[in-house]
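Q: Take this structure, written in C-alpha cells, and hold onto it; I'll ask about it next.
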Amino acid sequence: MTKSATEKKRVRRAPQTGARDTPETAPSKAAKTKDEYQLFAEKVRDNKQLESRWAIMQETRMEYFRGKDFTVFLKNHPELREVLGSDKDLEVDDIVNTLLMKNLLVRCDRVVKTVRPGKKKLSSWPAHLEIYPEQVFSENDAFFAWTFMKRQTLWQAILAFSWPLVALAMCLFPVYPYQCKIVVLYTCAGALLFIVSMLIIRGAIFGVLYIILGKRIWIFPNINAEETTFRELIRFWPKKDEGERPKWTSRLTYAVGAVLIILLLRHHAPDEAARARYQKQVSNIIDDFLEWSPKLALSGMMDKQQTANATEANPPTDVSGTATEEVVEHLNTDPSGAAGTEHIVEDLNDEIRSDRFADEKTVDN
C-alpha cells in the first residue's frame with residue numbers, strides 16, 4: 001500500500017471531534033463494529049455467488065472459499081459493503097484481516113502439498129485442510145473457512161424435526177397395511193435398482209472410453225464424494241481431465257482383465273432352474289413378510305396356547321405299546337401261531353384308528 005493511500009485511510013478514520021471517547025461510549029462502538037462485521041459475514045456466506053466448498057479440518061466439516069474468489073466477489077457486489085458503515089471503503093485485505101481478527105474467518109492451507117501421481121497440478125479445491133500459521137489475507141493459493149454457525153433455514157428446521165418421525169415410521173413398518181407395505185417395498189426396490197444401474201452404467205462408460213480413447217471421463221463425477229454440495233453432487237459432465245494420457249500397455253491390460261472377468265462371471269452364472277428356485281424362495285420370503293400382521297400373530301399364539309392346554313388336560317395314550325403287549329400275549333396263548341397273525345394285525349389297526357379319532361375329537365372340543 002502506498003504512502004498516500006495510508007494517509008487517506010488515517011484521515012478517514014480520524015474522529016471528527018477532538019474529544020476522546022469516554023469509557024461509556026467505547027464498548028458500545030466496539031459492539032456495534034462487531035455486529036456490523038458479523039452481519040456482513042452472514043450476508044456474504046448466504047450469497048450463492050461466492051463459490052465455496054466443504055472440507056475436513058481437524059476432524060470437523062468446514063465451509064471454505066478461496067482468497068482470489070473473494071476479491072472478485074466483492075468487486076462484483078459492492079452493495080454488500082454498505083453493511084460495514086464507515087468501513088465500507090476499506091480495501092479487501094483490510095476487511096478480511098478484520099474478519100480474521102474477530103474470529104469470523106480462519107485462514108487454512110491444504111494438507112496434501114504434493115502432486116498426486118498422474119496429475120499435472122494440485123487440486124483447486126482440496127478435501128482436507130489445516131490451519132495456516134500466518135492469519136493474514138492473501139490471494140495466492142489461500143483458503144479461508146467460516147468459523148461461525150450458519151443460520152438455520154426453515155427447511156433445515158423442518159428436516160431436523162422430521163428425521164425422528166421417519167425413524168419411527170421405519171420401526172413401525174411391520175404393522176403397516178398390506179397396500180402401504182407394497183408401496184414402500186417397490187419404492188425402495190426401484191430406488192436401489194436406479195442407484196445400482198447408474199453406478200454400473202457409469203463404470204461401463206468409463207471403462208470403454210478409457211480403453212478405446214484413453215480418456216478418464218466419469219459421468220456424475222461427484223456422486224461418491226463425501227464432502228460436496230448438492231449442486232456439485234448432481235453435476236453430470238466432469239471437468240477437463242488434468243491427468244496424463246495413459247499408456248497403451250495399461251489400457252490393453254485393463255481390456256484383457258475386463259474380458260476375463262466377464263467370461264468368468266458368465267461361466268459361473270446360475271442356470272435357469274437354479275435361478276427359478278432362488279426367485280421362488282425370495283418371493284416366498286417377501287410374501288411371508290408382507291402378509292404378516294399383528295392379528296395373525298396373536299391368533300396363532302392363541303391357537304398354540306389352546307392346543308397346549310388341551311394336550312395337558314388329555315395326555316395321549318401309548319397305543320402302540322399296549323397293542324404290542326396284547327399281540328405278544330395273544331401269540332403266546334394262540335395254538336395256531338402265525339396262522340392268526342393277519343387277523344390280529346387288522347384288529348390292532350382298527351383299535352389304533354379309533355383311539356386317534358377319539359383324541360382328535362377331544363382336542364377339537
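In the C-alpha cells, each chain is lettered A, B, ... as it comes, each chain's residues begin at 1, and ligands are numbered from 1 in order of appearance.
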Just want the 10 Å neighbourhood of Glu134 (chain A), counted on only C-alpha atoms, with same-chain residues fewer than 3 positions away dropped. Output as a ChimeraX atom specification.

A: /A:106-108,131,137

Q: I need the chosen residues saved as a PDB file, in the first residue's frame, with C-alpha atoms.

A:
ATOM      1  CA  VAL A 106      -9.649 -18.635   9.726  1.00  0.00           C
ATOM      2  CA  ARG A 107      -7.010 -18.992   7.058  1.00  0.00           C
ATOM      3  CA  CYS A 108      -6.311 -22.589   6.030  1.00  0.00           C
ATOM      4  CA  ILE A 131      -4.799 -24.046   9.939  1.00  0.00           C
ATOM      5  CA  PHE A 137      -5.215 -12.226   3.801  1.00  0.00           C
TER       6      PHE A 137
END

Q: Give the strand (DSSP E) residues of region 54-267 of chain A, as assigned by DSSP on the backbone, as a VMD selection string.

A: chain A and resid 54 to 57 60 to 66 105 to 110 128 to 131 143 to 146

Q: Kindly provide the residues of region 242-292 of chain A that approach region 172-187 of chain A to within 12 Å, each paired with its closest atom pair and their distance in Å to one decimal, based on only C-alpha atoms, listed by chain and increasing number, as a tab-separated table.

A:
residue	atom	partner	partner_atom	distance
A:Ile286	CA	A:Leu185	CA	9.5
A:Asp287	CA	A:Ile182	CA	10.2
A:Asp288	CA	A:Pro174	CA	11.2
A:Phe289	CA	A:Pro174	CA	8.0
A:Leu290	CA	A:Tyr178	CA	6.5
A:Glu291	CA	A:Tyr178	CA	6.8
A:Trp292	CA	A:Pro174	CA	7.4

Q: Expressed in Å to a single decimal, how great is the separation between CA of Val83 (chain A) and CA of Asn97 (chain A)?

A: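 Straight-line distance from CA of Val83 (chain A) to CA of Asn97 (chain A) works out to 16.7 Å.
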
Q: Which residues come within 12 Å of Trp54 (chain A), counting only C-alpha atoms, excluding same-chain residues fewer than 2 positions away, as a compact mmCIF listing (two decimals) with N, CA and C atoms, in the first residue's frame?

A:
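In the end it all went to out12.txt:
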# COMPACT_ATOMS: atom_id res chain seq x y z
N GLU A 51 -18.28 -18.71 -4.64
CA GLU A 51 -18.10 -20.15 -4.75
C GLU A 51 -17.37 -20.69 -3.52
N SER A 52 -17.91 -21.74 -2.97
CA SER A 52 -17.34 -22.33 -1.75
C SER A 52 -17.46 -23.84 -1.83
N ILE A 56 -12.63 -31.15 5.33
CA ILE A 56 -12.39 -31.62 6.70
C ILE A 56 -11.15 -30.92 7.25
N MET A 57 -11.33 -30.27 8.39
CA MET A 57 -10.22 -29.60 9.06
C MET A 57 -10.28 -29.95 10.55
N THR A 60 -13.34 -31.82 11.61
CA THR A 60 -14.56 -31.01 11.60
C THR A 60 -14.87 -30.60 10.17
N ARG A 61 -16.11 -30.66 9.80
CA ARG A 61 -16.54 -30.28 8.46
C ARG A 61 -16.70 -28.77 8.40
N MET A 62 -15.96 -28.12 7.49
CA MET A 62 -15.90 -26.67 7.41
C MET A 62 -16.23 -26.23 5.98
N GLU A 63 -16.89 -25.09 5.87
CA GLU A 63 -17.14 -24.48 4.57
C GLU A 63 -16.08 -23.40 4.33
N TYR A 64 -15.46 -23.42 3.16
CA TYR A 64 -14.37 -22.50 2.90
C TYR A 64 -14.46 -21.96 1.47
N PHE A 65 -13.71 -20.88 1.23
CA PHE A 65 -13.62 -20.27 -0.10
C PHE A 65 -12.18 -19.88 -0.35
N ARG A 66 -11.91 -19.48 -1.58
CA ARG A 66 -10.55 -19.09 -1.97
C ARG A 66 -10.40 -17.57 -1.91
N TRP A 125 -9.66 -27.43 -5.22
CA TRP A 125 -10.47 -27.46 -4.01
C TRP A 125 -10.07 -28.70 -3.20
N PRO A 126 -9.12 -28.56 -2.30
CA PRO A 126 -8.70 -29.74 -1.51
C PRO A 126 -9.80 -30.19 -0.56
N ALA A 127 -9.79 -31.47 -0.26
CA ALA A 127 -10.79 -32.05 0.63
C ALA A 127 -10.36 -32.05 2.10
N HIS A 128 -9.09 -31.81 2.37
CA HIS A 128 -8.58 -31.79 3.75
C HIS A 128 -7.72 -30.54 3.92
N LEU A 129 -7.99 -29.81 5.00
CA LEU A 129 -7.30 -28.55 5.26
C LEU A 129 -6.70 -28.57 6.66
N PHE A 143 -6.85 -20.22 1.38
CA PHE A 143 -8.22 -20.67 1.64
C PHE A 143 -8.66 -20.12 3.00
N PHE A 144 -9.94 -19.75 3.08
CA PHE A 144 -10.49 -19.16 4.29
C PHE A 144 -11.79 -19.88 4.63
N ALA A 145 -11.88 -20.36 5.88
CA ALA A 145 -13.04 -21.12 6.34
C ALA A 145 -13.85 -20.29 7.33
N TRP A 146 -15.17 -20.41 7.23
CA TRP A 146 -16.06 -19.73 8.16
C TRP A 146 -16.05 -20.46 9.50
N ALA A 225 -18.54 -38.60 -3.69
CA ALA A 225 -17.78 -37.69 -2.84
C ALA A 225 -18.40 -37.62 -1.45
N GLU A 226 -17.55 -37.56 -0.44
CA GLU A 226 -18.03 -37.47 0.94
C GLU A 226 -18.42 -36.05 1.30
N GLU A 227 -17.68 -35.07 0.83
CA GLU A 227 -17.92 -33.67 1.17
C GLU A 227 -18.17 -32.89 -0.11
N THR A 228 -19.40 -32.57 -0.40
CA THR A 228 -19.74 -31.80 -1.59
C THR A 228 -21.12 -31.19 -1.42
N THR A 229 -21.40 -30.19 -2.23
CA THR A 229 -22.71 -29.56 -2.21
C THR A 229 -23.67 -30.33 -3.12
N PHE A 230 -24.95 -30.01 -2.98
CA PHE A 230 -25.94 -30.71 -3.80
C PHE A 230 -25.78 -30.36 -5.27
N GLU A 232 -22.96 -29.69 -6.83
CA GLU A 232 -21.85 -30.47 -7.35
C GLU A 232 -22.17 -31.96 -7.39

Q: Measure the distance from CA of Thr253 (chain A) to CA of Ile201 (chain A) in Å and round it to one decimal.

A: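 Distance between the two atoms: 21.0 Å.
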
Q: Identify all residues of region 19-201 of chain A in alpha helix (DSSP H) (DSSP on the backbone) and supply them as a ChimeraX atom specification.

A: /A:25-46,67-76,92-101,154-171,178-201

Q: Could you dump the residues just selected with C-alpha atoms as a tab-separated table (two decimals), in the first residue's frame?

A:
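And here's selection.tsv as it stands now:
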chain	number	residue	atom	x	y	z
A	25	THR	CA	-19.11	5.05	24.54
A	26	ALA	CA	-16.07	2.89	23.69
A	27	PRO	CA	-17.66	-0.52	24.42
A	28	SER	CA	-20.82	0.40	22.55
A	29	LYS	CA	-18.79	1.31	19.43
A	30	ALA	CA	-16.86	-1.94	19.66
A	31	ALA	CA	-20.07	-3.94	19.95
A	32	LYS	CA	-21.56	-2.03	17.04
A	33	THR	CA	-18.48	-2.75	14.88
A	34	LYS	CA	-18.65	-6.41	15.81
A	35	ASP	CA	-22.29	-6.61	14.88
A	36	GLU	CA	-21.61	-4.94	11.55
A	37	TYR	CA	-18.89	-7.42	10.59
A	38	GLN	CA	-20.96	-10.32	11.86
A	39	LEU	CA	-23.86	-9.20	9.68
A	40	PHE	CA	-21.51	-8.69	6.74
A	41	ALA	CA	-20.05	-12.20	7.16
A	42	GLU	CA	-23.55	-13.74	7.29
A	43	LYS	CA	-24.65	-11.90	4.15
A	44	VAL	CA	-21.53	-12.94	2.26
A	45	ARG	CA	-21.89	-16.55	3.34
A	46	ASP	CA	-25.57	-16.69	2.37
A	67	GLY	CA	-8.95	-15.70	-1.47
A	68	LYS	CA	-8.90	-14.79	-5.16
A	69	ASP	CA	-12.62	-15.60	-5.46
A	70	PHE	CA	-13.43	-13.32	-2.53
A	71	THR	CA	-11.69	-10.37	-4.17
A	72	VAL	CA	-13.64	-10.81	-7.39
A	73	PHE	CA	-16.86	-11.30	-5.43
A	74	LEU	CA	-16.57	-8.00	-3.55
A	75	LYS	CA	-15.77	-6.15	-6.79
A	76	ASN	CA	-18.91	-7.55	-8.41
A	92	VAL	CA	-10.41	-6.18	0.53
A	93	ASP	CA	-7.36	-7.27	2.50
A	94	ASP	CA	-8.29	-4.93	5.37
A	95	ILE	CA	-11.83	-6.29	5.51
A	96	VAL	CA	-10.65	-9.89	5.53
A	97	ASN	CA	-7.98	-9.15	8.14
A	98	THR	CA	-10.68	-7.65	10.36
A	99	LEU	CA	-12.79	-10.77	9.93
A	100	LEU	CA	-9.76	-12.84	10.87
A	101	MET	CA	-9.14	-10.77	14.00
A	154	LEU	CA	-36.93	-23.04	7.68
A	155	TRP	CA	-36.41	-26.11	5.52
A	156	GLN	CA	-33.50	-27.24	7.67
A	157	ALA	CA	-35.65	-26.93	10.80
A	158	ILE	CA	-38.44	-28.93	9.15
A	159	LEU	CA	-35.99	-31.65	8.09
A	160	ALA	CA	-34.45	-31.80	11.56
A	161	PHE	CA	-37.91	-32.24	13.08
A	162	SER	CA	-38.96	-34.87	10.52
A	163	TRP	CA	-35.97	-37.20	10.92
A	164	PRO	CA	-37.24	-38.72	14.23
A	165	LEU	CA	-40.64	-39.21	12.62
A	166	VAL	CA	-39.02	-41.01	9.68
A	167	ALA	CA	-37.11	-43.29	12.07
A	168	LEU	CA	-40.32	-44.06	13.97
A	169	ALA	CA	-42.16	-44.81	10.72
A	170	MET	CA	-39.39	-47.23	9.70
A	171	CYS	CA	-39.68	-49.06	13.01
A	178	TYR	CA	-50.65	-54.55	3.10
A	179	GLN	CA	-51.04	-51.84	0.41
A	180	CYS	CA	-48.69	-49.49	2.25
A	181	LYS	CA	-46.11	-52.26	2.52
A	182	ILE	CA	-46.34	-52.85	-1.23
A	183	VAL	CA	-45.81	-49.14	-1.97
A	184	VAL	CA	-42.80	-48.88	0.36
A	185	LEU	CA	-41.29	-52.11	-0.96
A	186	TYR	CA	-41.48	-51.16	-4.63
A	187	THR	CA	-40.32	-47.60	-3.95
A	188	CYS	CA	-37.20	-48.76	-2.09
A	189	ALA	CA	-36.53	-51.51	-4.64
A	190	GLY	CA	-36.86	-49.02	-7.51
A	191	ALA	CA	-34.50	-46.53	-5.82
A	192	LEU	CA	-31.95	-49.26	-5.15
A	193	LEU	CA	-32.21	-50.54	-8.72
A	194	PHE	CA	-31.72	-46.99	-10.06
A	195	ILE	CA	-28.60	-46.40	-7.97
A	196	VAL	CA	-27.02	-49.75	-8.85
A	197	SER	CA	-27.85	-49.35	-12.55
A	198	MET	CA	-26.40	-45.84	-12.63
A	199	LEU	CA	-23.16	-46.99	-10.99
A	200	ILE	CA	-22.84	-49.92	-13.42
A	201	ILE	CA	-23.51	-47.74	-16.48

Q: If you count only C-alpha atoms, which residues fall within 10 Å of Ser123 (chain A), apart from same-chain ones fewer than 3 positions away, as a VMD selection string?

A: chain A and resid 110 112 to 116 119 to 120 126 to 127 242

Q: Please produce a file of the residues just selected, as a PDB file, in the first residue's frame, where the atoms kept are N, CA and C atoms.

A:
ATOM      1  N   ARG A 110      -3.807 -26.336   2.441  1.00  0.00           N
ATOM      2  CA  ARG A 110      -4.041 -27.722   2.058  1.00  0.00           C
ATOM      3  C   ARG A 110      -3.112 -28.653   2.822  1.00  0.00           C
ATOM      4  N   VAL A 112      -2.344 -31.934   1.748  1.00  0.00           N
ATOM      5  CA  VAL A 112      -1.513 -32.581   0.741  1.00  0.00           C
ATOM      6  C   VAL A 112      -0.924 -31.509  -0.161  1.00  0.00           C
ATOM      7  N   LYS A 113       0.374 -31.323  -0.082  1.00  0.00           N
ATOM      8  CA  LYS A 113       1.048 -30.257  -0.825  1.00  0.00           C
ATOM      9  C   LYS A 113       1.868 -30.785  -2.001  1.00  0.00           C
ATOM     10  N   THR A 114       1.749 -32.052  -2.286  1.00  0.00           N
ATOM     11  CA  THR A 114       2.463 -32.647  -3.418  1.00  0.00           C
ATOM     12  C   THR A 114       1.460 -33.123  -4.453  1.00  0.00           C
ATOM     13  N   VAL A 115       1.885 -33.092  -5.708  1.00  0.00           N
ATOM     14  CA  VAL A 115       1.005 -33.504  -6.801  1.00  0.00           C
ATOM     15  C   VAL A 115       0.886 -35.023  -6.801  1.00  0.00           C
ATOM     16  N   ARG A 116      -0.345 -35.499  -6.883  1.00  0.00           N
ATOM     17  CA  ARG A 116      -0.573 -36.940  -6.913  1.00  0.00           C
ATOM     18  C   ARG A 116      -0.089 -37.538  -8.226  1.00  0.00           C
ATOM     19  N   LYS A 119      -1.326 -36.677 -12.052  1.00  0.00           N
ATOM     20  CA  LYS A 119      -1.886 -35.329 -12.120  1.00  0.00           C
ATOM     21  C   LYS A 119      -0.794 -34.326 -12.476  1.00  0.00           C
ATOM     22  N   LYS A 120      -1.236 -33.241 -13.103  1.00  0.00           N
ATOM     23  CA  LYS A 120      -0.292 -32.205 -13.503  1.00  0.00           C
ATOM     24  C   LYS A 120      -0.163 -31.086 -12.475  1.00  0.00           C
ATOM     25  N   PRO A 126      -9.120 -28.563  -2.297  1.00  0.00           N
ATOM     26  CA  PRO A 126      -8.699 -29.736  -1.511  1.00  0.00           C
ATOM     27  C   PRO A 126      -9.796 -30.193  -0.560  1.00  0.00           C
ATOM     28  N   ALA A 127      -9.789 -31.473  -0.260  1.00  0.00           N
ATOM     29  CA  ALA A 127     -10.791 -32.052   0.632  1.00  0.00           C
ATOM     30  C   ALA A 127     -10.361 -32.045   2.095  1.00  0.00           C
ATOM     31  N   GLU A 242      -7.261 -33.554 -16.002  1.00  0.00           N
ATOM     32  CA  GLU A 242      -5.966 -32.940 -15.725  1.00  0.00           C
ATOM     33  C   GLU A 242      -4.823 -33.957 -15.705  1.00  0.00           C
TER      34      GLU A 242
END

Q: Expressed in Å to a single decimal, how great is the separation between CA of Phe220 (chain A) and CA of Gly207 (chain A)?

A: 14.7 Å
